[in-house]
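**Student:** Have a peek at run-v2.csv (CSV, C-alpha atoms and all ligand atoms).
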chain,number,residue,atom,x,y,z
N,13,MET,CA,-8.6,15.9,-3.7
N,14,GLU,CA,-8.1,18.8,-6.1
N,15,PHE,CA,-7.1,17.7,-9.6
N,16,LEU,CA,-3.5,19.0,-9.7
N,17,ARG,CA,-2.6,18.0,-6.2
N,18,ASP,CA,-1.3,14.7,-7.5
N,19,LYS,CA,2.4,14.3,-8.1
N,20,ARG,CA,2.0,12.5,-11.5
N,21,ARG,CA,-0.6,14.9,-12.8
N,22,ALA,CA,1.5,17.9,-11.7
N,23,GLN,CA,4.5,16.5,-13.5
N,24,ARG,CA,2.5,15.8,-16.7
N,25,PHE,CA,1.0,19.3,-16.5
N,26,TYR,CA,4.5,20.9,-16.2
N,27,ARG,CA,6.0,18.7,-18.8
N,28,HIS,CA,3.8,20.5,-21.3
N,29,LEU,CA,3.6,23.9,-19.6
N,30,SER,CA,7.4,24.0,-19.4
N,31,LYS,CA,7.5,24.9,-23.1
N,32,ILE,CA,5.7,28.2,-22.6
N,33,TYR,CA,6.2,28.8,-18.9
N,34,ASP,CA,8.9,31.5,-19.1
N,35,THR,CA,7.5,33.3,-22.1
N,36,TRP,CA,3.8,33.3,-21.6
N,37,ILE,CA,2.8,32.2,-18.1
N,38,ARG,CA,5.2,33.2,-15.3
N,39,ASP,CA,4.9,37.0,-15.5
N,40,LEU,CA,1.1,36.8,-15.2
N,41,PHE,CA,1.3,35.1,-11.8
N,42,TRP,CA,4.8,35.7,-10.3
N,43,ASN,CA,6.7,38.7,-11.6
N,44,GLU,CA,9.9,40.4,-10.5
N,45,ARG,CA,8.2,42.7,-8.0
N,46,MET,CA,6.4,39.8,-6.4
N,47,ARG,CA,9.6,37.9,-6.2
N,48,ALA,CA,11.3,40.9,-4.5
N,49,TYR,CA,8.5,40.9,-2.0
N,50,GLY,CA,9.0,37.2,-1.1
N,51,LEU,CA,12.8,37.7,-0.9
N,52,GLU,CA,12.3,40.7,1.4
N,53,MET,CA,10.1,38.6,3.7
N,54,ALA,CA,12.8,35.9,3.8
N,55,GLY,CA,15.4,38.4,4.9
N,56,LEU,CA,18.3,36.7,3.1
N,57,HIS,CA,21.8,37.9,3.3
N,58,ALA,CA,25.1,37.1,1.5
N,59,GLY,CA,26.8,33.9,2.6
N,60,MET,CA,23.5,32.1,3.3
N,61,GLU,CA,23.0,28.6,1.9
N,62,VAL,CA,19.6,28.5,0.4
N,63,LEU,CA,17.3,25.8,-1.1
N,64,ASP,CA,14.6,26.6,-3.6
N,65,VAL,CA,11.8,24.0,-3.5
N,66,GLY,CA,9.8,23.6,-6.7
N,67,CYS,CA,12.3,25.8,-8.5
N,68,GLY,CA,10.8,25.2,-11.9
N,69,THR,CA,12.8,27.0,-14.6
N,70,GLY,CA,14.7,28.9,-11.9
N,71,PHE,CA,13.1,32.3,-11.6
N,72,LEU,CA,13.2,32.4,-7.8
N,73,SER,CA,16.7,30.9,-7.7
N,74,GLU,CA,17.8,33.7,-10.0
N,75,GLY,CA,16.5,36.3,-7.5
N,76,ILE,CA,18.2,34.4,-4.6
N,77,LEU,CA,21.5,34.5,-6.5
N,78,GLU,CA,21.4,38.2,-6.5
N,79,VAL,CA,21.8,38.0,-2.7
N,80,THR,CA,23.9,34.9,-2.1
N,81,PRO,CA,25.9,32.6,-4.4
N,82,SER,CA,25.0,29.4,-2.6
N,83,VAL,CA,21.7,28.2,-4.0
N,84,TRP,CA,20.3,24.7,-4.6
N,85,GLY,CA,17.2,24.1,-6.7
N,86,LEU,CA,14.9,21.1,-6.4
N,87,ASP,CA,11.9,20.2,-8.6
N,88,ILE,CA,9.9,17.1,-9.4
N,89,THR,CA,9.6,17.7,-13.2
N,90,PRO,CA,12.6,16.9,-15.3
N,91,GLU,CA,11.6,19.2,-18.2
N,92,GLN,CA,11.5,22.2,-15.8
N,93,LEU,CA,14.9,21.3,-14.4
N,94,GLN,CA,16.3,21.0,-18.0
N,95,ARG,CA,15.2,24.6,-18.7
N,96,ALA,CA,16.7,25.8,-15.4
N,97,ARG,CA,20.0,24.1,-16.3
N,98,ARG,CA,20.2,26.2,-19.5
N,99,LYS,CA,20.1,29.4,-17.4
N,100,LEU,CA,21.8,28.6,-14.1
N,101,SER,CA,25.0,27.1,-12.9
N,102,ILE,CA,23.8,25.9,-9.6
N,103,PRO,CA,23.1,22.4,-8.2
N,104,LEU,CA,19.7,21.3,-9.5
N,105,VAL,CA,18.2,18.2,-8.1
N,106,ARG,CA,15.2,16.1,-9.1
N,107,GLY,CA,13.1,15.4,-6.0
N,108,ASP,CA,9.9,15.7,-4.1
N,109,ALA,CA,9.1,18.5,-1.7
N,110,GLU,CA,7.6,16.0,0.7
N,111,ASN,CA,10.7,14.0,1.0
N,112,LEU,CA,13.7,16.3,0.5
N,113,PRO,CA,17.0,14.5,-0.4
N,114,PHE,CA,19.1,16.5,2.0
N,115,HIS,CA,20.4,15.8,5.5
N,116,ALA,CA,19.0,17.7,8.5
N,117,GLU,CA,20.2,21.2,9.2
N,118,ARG,CA,21.8,21.6,5.8
N,119,PHE,CA,20.5,25.1,4.8
N,120,ASP,CA,20.1,28.6,6.3
N,121,ALA,CA,16.9,29.3,4.3
N,122,VAL,CA,14.4,27.3,2.3
N,123,LEU,CA,12.2,29.2,-0.1
N,124,SER,CA,9.5,28.2,-2.5
N,125,SER,CA,7.2,30.1,-4.9
N,126,GLY,CA,4.2,28.8,-6.8
N,127,SER,CA,4.7,25.2,-5.9
N,128,ILE,CA,2.8,24.5,-2.6
N,129,GLU,CA,-0.5,24.4,-4.5
N,130,TYR,CA,0.5,21.1,-6.1
N,131,TRP,CA,1.8,19.3,-3.0
N,132,PRO,CA,-0.7,16.7,-1.8
N,133,ASP,CA,0.5,17.1,1.8
N,134,PRO,CA,1.8,20.6,2.3
N,135,VAL,CA,2.3,20.2,6.1
N,136,GLN,CA,4.6,17.2,5.4
N,137,ALA,CA,6.6,19.4,2.9
N,138,LEU,CA,6.8,22.2,5.4
N,139,ARG,CA,8.1,19.7,8.0
N,140,GLU,CA,10.7,18.6,5.5
N,141,MET,CA,11.7,22.3,4.9
N,142,ARG,CA,12.0,22.7,8.7
N,143,ARG,CA,14.1,19.5,9.0
N,144,VAL,CA,16.7,20.7,6.5
N,145,LEU,CA,16.9,24.1,8.1
N,146,ARG,CA,19.6,25.0,10.6
N,147,PRO,CA,18.3,26.4,13.9
N,148,GLY,CA,17.3,30.0,13.4
N,149,GLY,CA,16.8,29.3,9.7
N,150,VAL,CA,13.9,30.8,7.8
N,151,ALA,CA,11.3,29.3,5.4
N,152,MET,CA,9.4,31.4,2.9
N,153,VAL,CA,6.5,30.0,0.9
N,154,GLY,CA,4.5,31.9,-1.8
N,155,GLY,CA,1.2,30.3,-2.9
N,156,PRO,CA,-2.2,31.3,-4.3
N,157,THR,CA,-4.7,33.2,-2.1
N,158,ARG,CA,-8.1,31.7,-1.8
N,159,PRO,CA,-10.4,33.7,-4.1
N,160,ARG,CA,-13.3,35.7,-2.6
N,161,ASP,CA,-15.7,35.3,-5.5
N,162,ARG,CA,-17.8,32.1,-4.9
N,163,LEU,CA,-17.7,30.8,-8.5
N,164,TYR,CA,-14.0,31.4,-8.9
N,165,ARG,CA,-13.4,29.8,-5.5
N,166,LEU,CA,-15.4,26.7,-6.5
N,167,LEU,CA,-13.3,26.3,-9.7
N,168,ALA,CA,-10.0,27.0,-7.8
N,169,ASP,CA,-10.7,24.6,-5.0
N,170,ASN,CA,-11.3,21.8,-7.5
N,171,MET,CA,-8.0,22.5,-9.2
N,172,MET,CA,-5.3,22.9,-6.5
N,173,LEU,CA,-4.6,24.4,-3.1
N,174,PHE,CA,-5.7,28.0,-2.6
N,175,TYR,CA,-5.5,29.2,1.0
N,176,ASP,CA,-6.1,32.1,3.3
N,177,GLU,CA,-4.1,33.6,6.2
N,178,ALA,CA,-5.7,31.3,8.9
N,179,GLU,CA,-4.8,28.2,6.8
N,180,ALA,CA,-1.3,29.5,6.2
N,181,LEU,CA,-0.7,30.1,9.9
N,182,GLU,CA,-2.2,26.6,10.8
N,183,MET,CA,0.1,24.8,8.3
N,184,PHE,CA,3.2,26.6,9.5
N,185,ASP,CA,2.2,26.0,13.1
N,186,GLN,CA,1.6,22.2,12.5
N,187,ALA,CA,5.0,22.0,10.8
N,188,GLY,CA,6.6,23.5,13.9
N,189,PHE,CA,7.6,27.0,12.7
N,190,ARG,CA,7.7,29.9,15.1
N,191,ASP,CA,7.5,33.7,14.5
N,192,VAL,CA,5.2,33.1,11.5
N,193,ARG,CA,4.2,36.1,9.4
N,194,VAL,CA,1.9,36.4,6.4
N,195,GLY,CA,1.8,39.0,3.6
N,196,TYR,CA,0.2,39.5,0.2
N,197,THR,CA,1.5,40.5,-3.2
N,198,GLY,CA,0.3,40.2,-6.8
N,199,PRO,CA,0.4,41.6,-10.3
N,200,ALA,CA,-1.4,44.8,-11.3
N,201,TRP,CA,-4.5,42.8,-12.2
N,202,LYS,CA,-4.8,41.2,-8.7
N,203,PRO,CA,-2.6,42.8,-6.0
N,204,ASP,CA,-3.4,40.1,-3.5
N,205,LEU,CA,-3.0,37.1,-5.8
N,206,ALA,CA,-0.2,35.5,-3.8
N,207,ILE,CA,0.0,34.8,-0.1
N,208,VAL,CA,3.5,34.8,1.2
N,209,THR,CA,4.3,33.1,4.6
N,210,ARG,CA,7.5,33.0,6.4
N,211,GLY,CA,8.5,31.2,9.6
N,212,VAL,CA,11.6,30.5,11.7
N,213,LYS,CA,13.0,27.2,13.0
N,214,ALA,CA,13.5,28.0,16.6
F,301,LIG,C1,4.8,27.5,-10.9
F,301,LIG,S1,6.2,26.4,-11.1
F,301,LIG,C2,7.6,27.0,-10.3
F,301,LIG,C3,7.8,28.4,-10.1
F,301,LIG,C4,9.2,28.8,-9.7
F,301,LIG,N1,9.4,28.6,-8.3
F,301,LIG,C5,9.4,30.2,-10.1
F,301,LIG,O1,9.8,31.0,-9.3
F,301,LIG,O2,9.1,30.6,-11.3
F,301,LIG,C6,5.7,25.1,-9.9
F,301,LIG,C7,6.8,24.0,-9.9
F,301,LIG,O3,6.5,23.1,-8.8
F,301,LIG,C8,6.9,21.8,-9.2
F,301,LIG,N2,6.3,20.8,-8.3
F,301,LIG,C9,5.1,20.4,-8.2
F,301,LIG,N3,4.9,19.5,-7.2
F,301,LIG,C10,6.2,19.3,-6.7
F,301,LIG,C11,6.7,18.4,-5.6
F,301,LIG,N4,5.9,17.6,-5.0
F,301,LIG,N5,8.0,18.5,-5.3
F,301,LIG,C12,8.8,19.4,-6.0
F,301,LIG,N6,8.4,20.2,-7.0
F,301,LIG,C13,7.1,20.1,-7.4
F,301,LIG,C14,6.5,21.7,-10.6
F,301,LIG,O4,7.2,20.7,-11.3
F,301,LIG,C15,6.8,23.1,-11.1
F,301,LIG,O5,8.0,23.2,-11.7
Show this structure as structure tokens.
Ligand SMILES: C[S@@+](CC[C@H](N)C(=O)[O-])C[C@H]1O[C@@H](n2cnc3c(N)ncnc32)[C@H](O)[C@@H]1O

**Tutor:**
Amino acid sequence: MEFLRDKRRAQRFYRHLSKIYDTWIRDLFWNERMRAYGLEMAGLHAGMEVLDVGCGTGFLSEGILEVTPSVWGLDITPEQLQRARRKLSIPLVRGDAENLPFHAERFDAVLSSGSIEYWPDPVQALREMRRVLRPGGVAMVGGPTRPRDRLYRLLADNMMLFYDEAEALEMFDQAGFRDVRVGYTGPAWKPDLAIVTRGVKA
């Protein structure tokens, strides 16, 4: 198992990273243009109720709020949620992506960016996302693309989940999603850094 795909380690990692996440880290890996791409794939519209899984300090939630006022954020790390609370007046819940504390068919869309790579069982988390979606609801997940360079891939694969299109399709299929589509986005230094997958609950 990759080092950071462990819930305790991921929380410890983010307890420390939280202090510099917004100022030094986020823009390198998930900037406003990439967020806009993910939101476009999700096809949100005003009035939708949306859950942001692994919301961190709230960057994706802020983007969702530009489309619809009804957004919930969920994260496993208290320090990340504290920072999100300073910026956003939305319900922010501590919880685990693999066991969402919401009843079935609660949301119109469930989105997540930069969190799937830490989940020990991503298919279980995607099943949870599907469970809390209303029929016809959409899930959008952005995560890191598997690197092509062999050395970088070896390092990456020992750290957390990096995946390609075939794996993305397989995970969404196993979780029961239909009409699954994959796209890529990234910062200037690596235009395909992030793989964005969206699927629909039939
Ligand atoms: C890169 S940060 C979040 C990025 C954020 N979505 C954004 O748009 O800036 C990844 C987040 O995933 C959270 N996380 C990791 N494992 C999780 C899990 N099992 N359930 C919920 N959140 C988790 C971490 O605490 C961290 O805040």

**Student:** Would you please work out which residue, of N:Asp39, N:Asp108, N:Asp169, N:Glu14, is nearest to ligand LIG 301 (chain F) when using only C-alpha atoms and all ligand atoms?

**Tutor:**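 Between N:Asp39, N:Asp108, N:Asp169, N:Glu14, the residue approaching ligand LIG 301 (chain F) most closely is N:Asp108.
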
**Student:** Counting only C-alpha atoms and all ligand atoms, what residues are within 7 Å of ligand LIG 301 (chain F), given as a PyMOL selection string?

**Tutor:** chain N and resi 19+22-23+26+38+42+65-72+86-89+92+107-110+124-127+130-131

**Student:** I'd like to know which of N:Val150, N:Val135, N:Ala116, N:Ala121 is closest to N:Val212, using all atoms listed in the file.

**Tutor:**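 Looking at the shortest contact to N:Val212, the residue is N:Val150.
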
**Student:** Considering all atoms listed in the file, can you say which of N:Trp84, N:Met141, N:Ala96, N:Asp34 comes closest to N:Leu112?

**Tutor:**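 The answer is N:Met141, which sits nearest to N:Leu112.
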
**Student:** In Å, how far is it from atom CA of N:Gln136 to atom CA of N:Asp161?

**Tutor:** 29.3 Å

**Student:** Tell me which protein, DNA and RNA residues are within 10 Å of N:Val83, counting all atoms listed in the file, leaving out same-chain ones fewer than 6 positions away, and put them as a PDB file with C-alpha atoms, in the coordinates of the input.

**Tutor:**
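Okay, part_15.pdb is ready:
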ATOM      1  CA  MET N  60      23.500  32.100   3.300  1.00  0.00           C
ATOM      2  CA  GLU N  61      23.000  28.600   1.900  1.00  0.00           C
ATOM      3  CA  VAL N  62      19.600  28.500   0.400  1.00  0.00           C
ATOM      4  CA  LEU N  63      17.300  25.800  -1.100  1.00  0.00           C
ATOM      5  CA  ASP N  64      14.600  26.600  -3.600  1.00  0.00           C
ATOM      6  CA  SER N  73      16.700  30.900  -7.700  1.00  0.00           C
ATOM      7  CA  GLU N  74      17.800  33.700 -10.000  1.00  0.00           C
ATOM      8  CA  ILE N  76      18.200  34.400  -4.600  1.00  0.00           C
ATOM      9  CA  LEU N  77      21.500  34.500  -6.500  1.00  0.00           C
ATOM     10  CA  SER N 101      25.000  27.100 -12.900  1.00  0.00           C
ATOM     11  CA  ILE N 102      23.800  25.900  -9.600  1.00  0.00           C
ATOM     12  CA  PRO N 103      23.100  22.400  -8.200  1.00  0.00           C
ATOM     13  CA  LEU N 104      19.700  21.300  -9.500  1.00  0.00           C
ATOM     14  CA  PHE N 119      20.500  25.100   4.800  1.00  0.00           C
ATOM     15  CA  ALA N 121      16.900  29.300   4.300  1.00  0.00           C
ATOM     16  CA  VAL N 122      14.400  27.300   2.300  1.00  0.00           C
TER      17      VAL N 122
END

**Student:** What's the separation between atom CA of N:Gln186 and atom CA of N:Ala137, in Å to one decimal place?

**Tutor:**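 Those two atoms sit 11.2 Å apart.
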
**Student:** I'd like the neighbourhood of N:Ala180 as a list in words, where a residue qualifies if any of its atoms comes within 10 Å (using all atoms listed in the file), though same-chain residues fewer than 4 positions away should be ignored.

**Tutor:**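 Those residues are Val135, Val153, Gly155, Thr157, Phe174, Tyr175, Asp176, Phe184, Asp185, Val192, Arg193, Val194, Ile207, Val208, Thr209 and Arg210 of chain N.
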
**Student:** How would the residues just picked look written out with C-alpha atoms as an mmCIF file, in the coordinates of the input?

**Tutor:**
data_model
loop_
_atom_site.group_PDB
_atom_site.id
_atom_site.type_symbol
_atom_site.label_atom_id
_atom_site.label_comp_id
_atom_site.auth_asym_id
_atom_site.auth_seq_id
_atom_site.Cartn_x
_atom_site.Cartn_y
_atom_site.Cartn_z
ATOM 1 C CA VAL N 135 2.300 20.200 6.100
ATOM 2 C CA VAL N 153 6.500 30.000 0.900
ATOM 3 C CA GLY N 155 1.200 30.300 -2.900
ATOM 4 C CA THR N 157 -4.700 33.200 -2.100
ATOM 5 C CA PHE N 174 -5.700 28.000 -2.600
ATOM 6 C CA TYR N 175 -5.500 29.200 1.000
ATOM 7 C CA ASP N 176 -6.100 32.100 3.300
ATOM 8 C CA PHE N 184 3.200 26.600 9.500
ATOM 9 C CA ASP N 185 2.200 26.000 13.100
ATOM 10 C CA VAL N 192 5.200 33.100 11.500
ATOM 11 C CA ARG N 193 4.200 36.100 9.400
ATOM 12 C CA VAL N 194 1.900 36.400 6.400
ATOM 13 C CA ILE N 207 0.000 34.800 -0.100
ATOM 14 C CA VAL N 208 3.500 34.800 1.200
ATOM 15 C CA THR N 209 4.300 33.100 4.600
ATOM 16 C CA ARG N 210 7.500 33.000 6.400
#

**Student:** Provide the atom CA of N:Thr197 to atom CA of N:Tyr49 distance in Å, to one decimal place.

**Tutor:** 7.1 Å

**Student:** So which one's closest to N:Leu167, N:Arg146, N:Met46, N:Leu40, N:Phe15? Using all atoms listed in the file, please.

**Tutor:**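 Checking each candidate against N:Leu167, we get N:Phe15 as the closest.
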
**Student:** Taking into account all atoms listed in the file, which residue in the set N:Leu93, N:Met53, N:Val79, N:Leu145 is nearest to N:Arg27?

**Tutor:**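 With all atoms listed in the file as the atom set, the closest residue is N:Leu93.
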
**Student:** Please provide as a PyMOL selection string all residues within 9 Å of N:Phe189, with the sequence filter that same-chain residues fewer than 6 positions apart are discarded (counting all atoms listed in the file).

**Tutor:** chain N and resi 138-139+142+150-151+183+210-214

**Student:** Write a file of the selected residues as a PDB file, keeping the file's coordinate frame, keeping C-alpha atoms.

**Tutor:**
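Everything below was put into out_17.pdb:
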ATOM      1  CA  LEU N 138       6.800  22.200   5.400  1.00  0.00           C
ATOM      2  CA  ARG N 139       8.100  19.700   8.000  1.00  0.00           C
ATOM      3  CA  ARG N 142      12.000  22.700   8.700  1.00  0.00           C
ATOM      4  CA  VAL N 150      13.900  30.800   7.800  1.00  0.00           C
ATOM      5  CA  ALA N 151      11.300  29.300   5.400  1.00  0.00           C
ATOM      6  CA  MET N 183       0.100  24.800   8.300  1.00  0.00           C
ATOM      7  CA  ARG N 210       7.500  33.000   6.400  1.00  0.00           C
ATOM      8  CA  GLY N 211       8.500  31.200   9.600  1.00  0.00           C
ATOM      9  CA  VAL N 212      11.600  30.500  11.700  1.00  0.00           C
ATOM     10  CA  LYS N 213      13.000  27.200  13.000  1.00  0.00           C
ATOM     11  CA  ALA N 214      13.500  28.000  16.600  1.00  0.00           C
TER      12      ALA N 214
END

**Student:** Rank nothing, just name the residue among N:Gly188, N:Pro132, N:Pro156, N:Gly148 nearest to N:Ala206, using only C-alpha atoms.

**Tutor:**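 Using only C-alpha atoms, N:Ala206 sits closest to N:Pro156.
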
**Student:** Box along x, y and z, 8 Å on every side, all listed atoms of stretch 134-149 of chain N inside: centre and edge lengths in Å to one decimal, as lines of an AutoDock Vina configuration file.

**Tutor:**
center_x = 10.7
center_y = 23.6
center_z = 8.1
size_x = 33.8
size_y = 28.8
size_z = 27.6
